[in-house]
file coords.pdb (PDB, C-alpha atoms)
ATOM      1  CA  MET A   1      23.985 -40.975 -14.357
ATOM      2  CA  ASN A   2      27.686 -40.931 -13.489
ATOM      3  CA  LYS A   3      29.741 -37.742 -13.494
ATOM      4  CA  ASN A   4      31.228 -37.100 -16.927
ATOM      5  CA  VAL A   5      32.337 -33.444 -16.799
ATOM      6  CA  GLY A   6      35.693 -32.520 -15.291
ATOM      7  CA  GLY A   7      39.021 -30.852 -15.876
ATOM      8  CA  ILE A   8      39.226 -28.121 -18.485
ATOM      9  CA  ASP A   9      35.717 -28.963 -19.725
ATOM     10  CA  ARG A  10      34.231 -28.159 -16.324
ATOM     11  CA  THR A  11      36.319 -25.009 -15.911
ATOM     12  CA  ALA A  12      35.250 -23.746 -19.330
ATOM     13  CA  ARG A  13      31.584 -24.393 -18.533
ATOM     14  CA  LEU A  14      31.886 -22.587 -15.192
ATOM     15  CA  VAL A  15      33.491 -19.554 -16.865
ATOM     16  CA  ILE A  16      31.540 -19.343 -20.138
ATOM     17  CA  GLY A  17      28.147 -20.243 -18.615
ATOM     18  CA  PRO A  18      27.810 -17.240 -16.277
ATOM     19  CA  VAL A  19      29.144 -14.912 -18.980
ATOM     20  CA  LEU A  20      26.451 -16.111 -21.401
ATOM     21  CA  VAL A  21      23.790 -15.763 -18.688
ATOM     22  CA  LEU A  22      24.817 -12.135 -18.130
ATOM     23  CA  VAL A  23      24.972 -11.445 -21.871
ATOM     24  CA  GLY A  24      21.502 -12.937 -22.298
ATOM     25  CA  VAL A  25      20.071 -10.785 -19.506
ATOM     26  CA  ALA A  26      21.795  -7.664 -20.856
ATOM     27  CA  GLY A  27      20.533  -8.424 -24.358
ATOM     28  CA  TYR A  28      16.975  -8.919 -23.142
ATOM     29  CA  ALA A  29      17.186  -5.637 -21.214
ATOM     30  CA  GLY A  30      18.314  -3.906 -24.408
ATOM     31  CA  LEU A  31      21.820  -3.122 -23.194
ATOM     32  CA  LEU A  32      23.435  -5.298 -25.890
ATOM     33  CA  GLY A  33      22.421  -5.892 -29.481
ATOM     34  CA  LEU A  34      22.109  -9.641 -29.948
ATOM     35  CA  ALA A  35      19.762  -9.832 -32.934
ATOM     36  CA  PHE A  36      21.195 -12.369 -35.368
ATOM     37  CA  GLY A  37      19.867 -12.627 -38.918
ATOM     38  CA  PRO A  38      16.112 -13.179 -38.882
ATOM     39  CA  LEU A  39      16.030 -13.872 -35.117
ATOM     40  CA  PRO A  40      14.631 -10.993 -33.056
ATOM     41  CA  GLN A  41      16.515  -9.489 -30.110
ATOM     42  CA  ALA A  42      14.364 -11.084 -27.386
ATOM     43  CA  LEU A  43      14.534 -14.602 -28.852
ATOM     44  CA  THR A  44      18.305 -14.443 -29.328
ATOM     45  CA  SER A  45      18.758 -13.146 -25.784
ATOM     46  CA  VAL A  46      16.640 -15.960 -24.332
ATOM     47  CA  LEU A  47      18.584 -18.572 -26.332
ATOM     48  CA  VAL A  48      21.935 -17.188 -25.133
ATOM     49  CA  PHE A  49      20.612 -17.154 -21.562
ATOM     50  CA  LEU A  50      19.430 -20.776 -21.821
ATOM     51  CA  VAL A  51      22.735 -22.013 -23.263
ATOM     52  CA  GLY A  52      24.602 -20.217 -20.476
ATOM     53  CA  THR A  53      22.316 -21.716 -17.848
ATOM     54  CA  ILE A  54      22.790 -25.223 -19.249
ATOM     55  CA  LEU A  55      26.583 -24.811 -19.283
ATOM     56  CA  LEU A  56      26.577 -23.467 -15.728
ATOM     57  CA  VAL A  57      24.372 -26.241 -14.346
ATOM     58  CA  THR A  58      26.239 -29.051 -16.123
ATOM     59  CA  GLY A  59      29.526 -27.609 -14.860
ATOM     60  CA  LEU A  60      28.243 -27.472 -11.290
ATOM     61  CA  VAL A  61      26.725 -30.970 -11.160
ATOM     62  CA  GLN A  62      29.442 -32.462 -13.404
ATOM     63  CA  LYS A  63      26.856 -34.410 -15.396
ATOM     64  CA  CYS A  64      25.998 -33.722 -19.024
ATOM     65  CA  PRO A  65      23.429 -35.800 -20.936
ATOM     66  CA  LEU A  66      24.910 -34.750 -24.288
ATOM     67  CA  ASN A  67      28.382 -35.935 -23.212
ATOM     68  CA  ARG A  68      26.806 -39.254 -22.206
ATOM     69  CA  ILE A  69      25.038 -39.651 -25.576
ATOM     70  CA  LEU A  70      28.216 -38.794 -27.499
ATOM     71  CA  GLY A  71      30.410 -40.982 -25.282
ATOM     72  CA  PHE A  72      32.576 -38.184 -23.872
ATOM     73  CA  ASP A  73      33.925 -38.484 -20.342
ATOM     74  CA  THR A  74      36.228 -35.674 -19.259
ATOM     75  CA  TYR A  75      35.672 -36.457 -15.573
ATOM     76  CA  GLY A  76      37.481 -39.801 -15.806
ATOM     77  CA  GLN A  77      40.609 -38.146 -17.192
ATOM     78  CA  GLN A  78      41.383 -36.392 -13.903
ATOM     79  CA  LYS A  79      41.681 -39.487 -11.707
ATOM     80  CA  PRO A  80      45.378 -40.016 -10.889
ATOM     81  CA  GLY A  81      46.797 -43.505 -11.151
ATOM     82  CA  VAL A  82      44.021 -44.944 -13.321
ATOM     83  CA  SER A  83      45.157 -46.379 -16.634
ATOM     84  CA  GLU A  84      43.109 -46.263 -19.840
ATOM     85  CA  GLU A  85      42.576 -50.016 -19.683
ATOM     86  CA  GLN A  86      40.929 -49.732 -16.266
ATOM     87  CA  THR A  87      38.756 -46.837 -17.472
ATOM     88  CA  VAL A  88      37.617 -48.817 -20.532
ATOM     89  CA  ALA A  89      36.902 -51.857 -18.373
ATOM     90  CA  ASN A  90      34.784 -49.717 -16.029
ATOM     91  CA  ARG A  91      32.673 -48.386 -18.912
ATOM     92  CA  LYS A  92      31.632 -51.868 -20.105
TER      93      LYS A  92
END
call {"tool": "encode", "arguments": {"input": "coords.pdb", "output": "structure tokens"}}
result
Amino acid sequence: MNKNVGGIDRTARLVIGPVLVLVGVAGYAGLLGLAFGPLPQALTSVLVFLVGTILLVTGLVQKCPLNRILGFDTYGQQKPGVSEEQTVANRK
């Protein structure tokens, strides 16, 4: 799989991911109340932790399967001197 995460997308993942990991750990330890509706505290904390971990890993490796499925490529936008026509031609 080619890299498809870059620019602001990558920066956001590398900032939000660790924050969610810490919030998930703090929620599981009982330091934060994360219970949401019918979901218990532990389950919500684990879900927040997993989302944070996924964001952190995809930001680090610059590859996201969901971006690939949806056709998003924020990595290609940061290459200087490459026109949209060349980028489209490379995708085919």
call {"tool": "atom_distance", "arguments": {"input": "coords.pdb", "atom1": "CA of Val61 in chain A", "atom2": "CA of Ala26 in chain A"}}
result
25.7 Å
call {"tool": "residues_around", "arguments": {"input": "coords.pdb", "residues": "Thr74 in chain A", "least_positions_apart": "2", "cutoff": "9 Å", "atoms": "all atoms listed in the file", "output": "PyMOL selection string"}}
result
chain A and resi 3-10+67+72+76-78
call {"tool": "closest_residue", "arguments": {"input": "coords.pdb", "among": "A:Ile69, A:Leu22, A:Leu31, A:Leu14", "to": "Val57 in chain A", "atoms": "all atoms listed in the file"}}
result
A:Leu14
call {"tool": "atom_distance", "arguments": {"input": "coords.pdb", "atom1": "CA of Leu50 in chain A", "atom2": "CA of Thr11 in chain A"}}
result
18.4 Å
call {"tool": "residues_near_point", "arguments": {"input": "coords.pdb", "point": "(22.2, -16.9, -17.8)", "cutoff": "7 Å", "atoms": "all atoms listed in the file", "output": "PyMOL selection string"}}
result
chain A and resi 17-18+20-22+24-25+49-50+52-53
call {"tool": "atom_distance", "arguments": {"input": "coords.pdb", "atom1": "CA of Asp73 in chain A", "atom2": "CA of Val51 in chain A"}}
result
20.1 Å
call {"tool": "closest_residue", "arguments": {"input": "coords.pdb", "among": "A:Ala12, A:Met1, A:Leu56, A:Val23", "to": "Gln41 in chain A", "atoms": "all atoms listed in the file"}}
result
A:Val23
call {"tool": "closest_residue", "arguments": {"input": "coords.pdb", "among": "A:Leu47, A:Tyr75, A:Pro65, A:Leu70", "to": "Gly27 in chain A", "atoms": "all atoms listed in the file"}}
result
A:Leu47
call {"tool": "closest_residue", "arguments": {"input": "coords.pdb", "among": "A:Ile54, A:Ile16, A:Cys64, A:Val48", "to": "Phe36 in chain A", "atoms": "only C-alpha atoms"}}
result
A:Val48
call {"tool": "residues_around", "arguments": {"input": "coords.pdb", "residues": "Tyr28 in chain A", "least_positions_apart": "6", "cutoff": "8 Å", "atoms": "all atoms listed in the file", "output": "ChimeraX atom specification"}}
result
/A:41-42,45-46
